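S.K.: Got a structure for you, questions after.
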Amino acid sequence: MTAETETGVVTVLMTAPGVEVAEAVVRRLLDDRLIACGNVLPGAVSLYRWEGEIHRDEEALVVLKTLRGLVPGMLERAGELHPYDVPELLVQPVVAGSADYLEWVENECC
């Protein structure tokens, strides 16, 4: 498949300072029906430059599944819930996937 056949589903990558914070954000986004699913993957190590210094933090990586049309509201709400000044929220299109799974995401986000 090519990019021209992208689905209406997107994934969003987010990091959080730990599993508890990540799960709290995911639960609120689920309650608000802004996402269908969030996978919390503990054990991520992030190295980054912040305010002129290199930092190293242990974090949880979160993969959120939602619909393209919900992205603006989901990004706003996730930013409100997240403890970081500048949370990582990166949207990626889903080019293809299992028809049943894509339908499930669409049904759960409504």
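Residue numbering restarts at 1 in every chain; chains get A, B, ... in the order shown in the structure tokens, and ligands count up from 1 in that same order.
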Quick one: residues within 12 Å of Leu102 in chain A, only C-alpha atoms, excluding same-chain residues fewer than 4 positions away - as a tab-separated table (two decimals) with C-alpha atoms, in the first residue's frame?

M.R.:
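Okay, this is what ended up in result.tsv:
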chain	number	residue	atom	x	y	z
A	6	GLU	CA	-3.75	5.89	4.60
A	7	THR	CA	-6.49	4.94	7.02
A	8	GLY	CA	-8.28	7.32	9.37
A	9	VAL	CA	-6.38	5.74	12.27
A	10	VAL	CA	-3.21	7.25	13.70
A	11	THR	CA	-0.79	6.30	16.44
A	36	ALA	CA	-9.25	3.51	21.70
A	37	CYS	CA	-6.13	2.08	23.31
A	65	LYS	CA	-4.34	4.67	18.97
A	66	THR	CA	-6.94	7.19	17.84
A	67	LEU	CA	-8.62	8.73	14.82
A	94	VAL	CA	-1.43	4.28	9.94
A	95	VAL	CA	-1.04	3.35	6.29
A	96	ALA	CA	-2.70	-0.06	6.60
A	97	GLY	CA	-3.81	-2.56	9.19
A	98	SER	CA	-6.16	-5.37	10.02
A	106	GLU	CA	-13.14	3.67	14.98
A	107	ASN	CA	-15.93	2.20	17.14
A	108	GLU	CA	-14.14	2.83	20.44
A	109	CYS	CA	-13.37	6.47	19.72

S.K.: Within chain A, find each residue whose DSSP state, derived from the backbone, is strand (DSSP E), and express the selection as a PyMOL selection string.

M.R.: chain A and resi 9-16+37-50+53-67+89-93

S.K.: Quick one: residues within 10 Å of Tyr84 in chain A, only C-alpha atoms counted, chain neighbours fewer than 3 positions away excluded, as a list in words?

M.R.: Thr15, Ala16, Pro17, Gly79, Glu80, Leu81, Pro87 and Glu88 of chain A

S.K.: So, counting only C-alpha atoms, which residue among A:Glu103, A:Arg27, A:Leu34, A:Arg49 is closest to Val71 in chain A?

M.R.: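 Nearest candidate to Val71 in chain A out of A:Glu103, A:Arg27, A:Leu34, A:Arg49: A:Leu34.
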
S.K.: Could you state the separation of CA of Val63 in chain A and CA of Ile35 in chain A in Å, given to one decimal place?

M.R.: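 A separation of 10.4 Å between them.
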
S.K.: Could you pull the residues within 8 Å of range 58-60 of chain A, counting only C-alpha atoms, minus those fewer than 5 positions along the same chain, as a list in words?

M.R.: Thr15, Ala16, Pro17, Gly18, Val19, Ala22, Val40, Leu41, Pro42, Gly43, Ala44, Val45 and Ser46 of chain A

S.K.: Would you save the residues of that selection, restricted to N, CA and C atoms, as a CSV table (one decimal), in the first residue's frame?

M.R.:
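Result went into part.csv, see below:
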chain,number,residue,atom,x,y,z
A,15,THR,N,5.9,10.0,25.8
A,15,THR,CA,6.7,9.4,26.9
A,15,THR,C,6.1,10.0,28.2
A,16,ALA,N,6.4,9.4,29.3
A,16,ALA,CA,5.9,9.8,30.6
A,16,ALA,C,7.0,9.5,31.6
A,17,PRO,N,7.0,10.2,32.8
A,17,PRO,CA,8.0,9.9,33.8
A,17,PRO,C,7.9,8.6,34.5
A,18,GLY,N,6.9,7.8,34.2
A,18,GLY,CA,6.8,6.5,34.8
A,18,GLY,C,5.5,5.8,34.5
A,19,VAL,N,5.3,4.6,34.8
A,19,VAL,CA,4.1,3.8,34.5
A,19,VAL,C,2.9,4.4,35.1
A,22,ALA,N,1.8,7.5,33.2
A,22,ALA,CA,1.4,7.1,31.8
A,22,ALA,C,0.0,6.4,31.9
A,40,VAL,N,1.4,0.9,27.4
A,40,VAL,CA,2.4,1.5,28.2
A,40,VAL,C,3.6,0.5,28.3
A,41,LEU,N,4.7,1.0,27.8
A,41,LEU,CA,5.9,0.2,27.8
A,41,LEU,C,7.0,0.8,28.7
A,42,PRO,N,7.1,0.2,29.9
A,42,PRO,CA,8.1,0.7,30.9
A,42,PRO,C,9.5,0.4,30.4
A,43,GLY,N,10.5,1.1,31.0
A,43,GLY,CA,11.9,0.8,30.8
A,43,GLY,C,12.6,1.6,29.7
A,44,ALA,N,11.9,2.6,29.1
A,44,ALA,CA,12.5,3.4,28.1
A,44,ALA,C,13.6,4.4,28.8
A,45,VAL,N,14.7,4.6,28.1
A,45,VAL,CA,15.7,5.5,28.6
A,45,VAL,C,15.8,6.6,27.6
A,46,SER,N,15.5,7.8,28.0
A,46,SER,CA,15.6,9.0,27.1
A,46,SER,C,16.8,9.8,27.4

S.K.: Choose the residue, out of A:Arg56, A:Arg68, A:Arg28, A:His82, that has the smallest atom-to-atom separation from Val12 in chain A; count only C-alpha atoms.

M.R.: A:Arg68
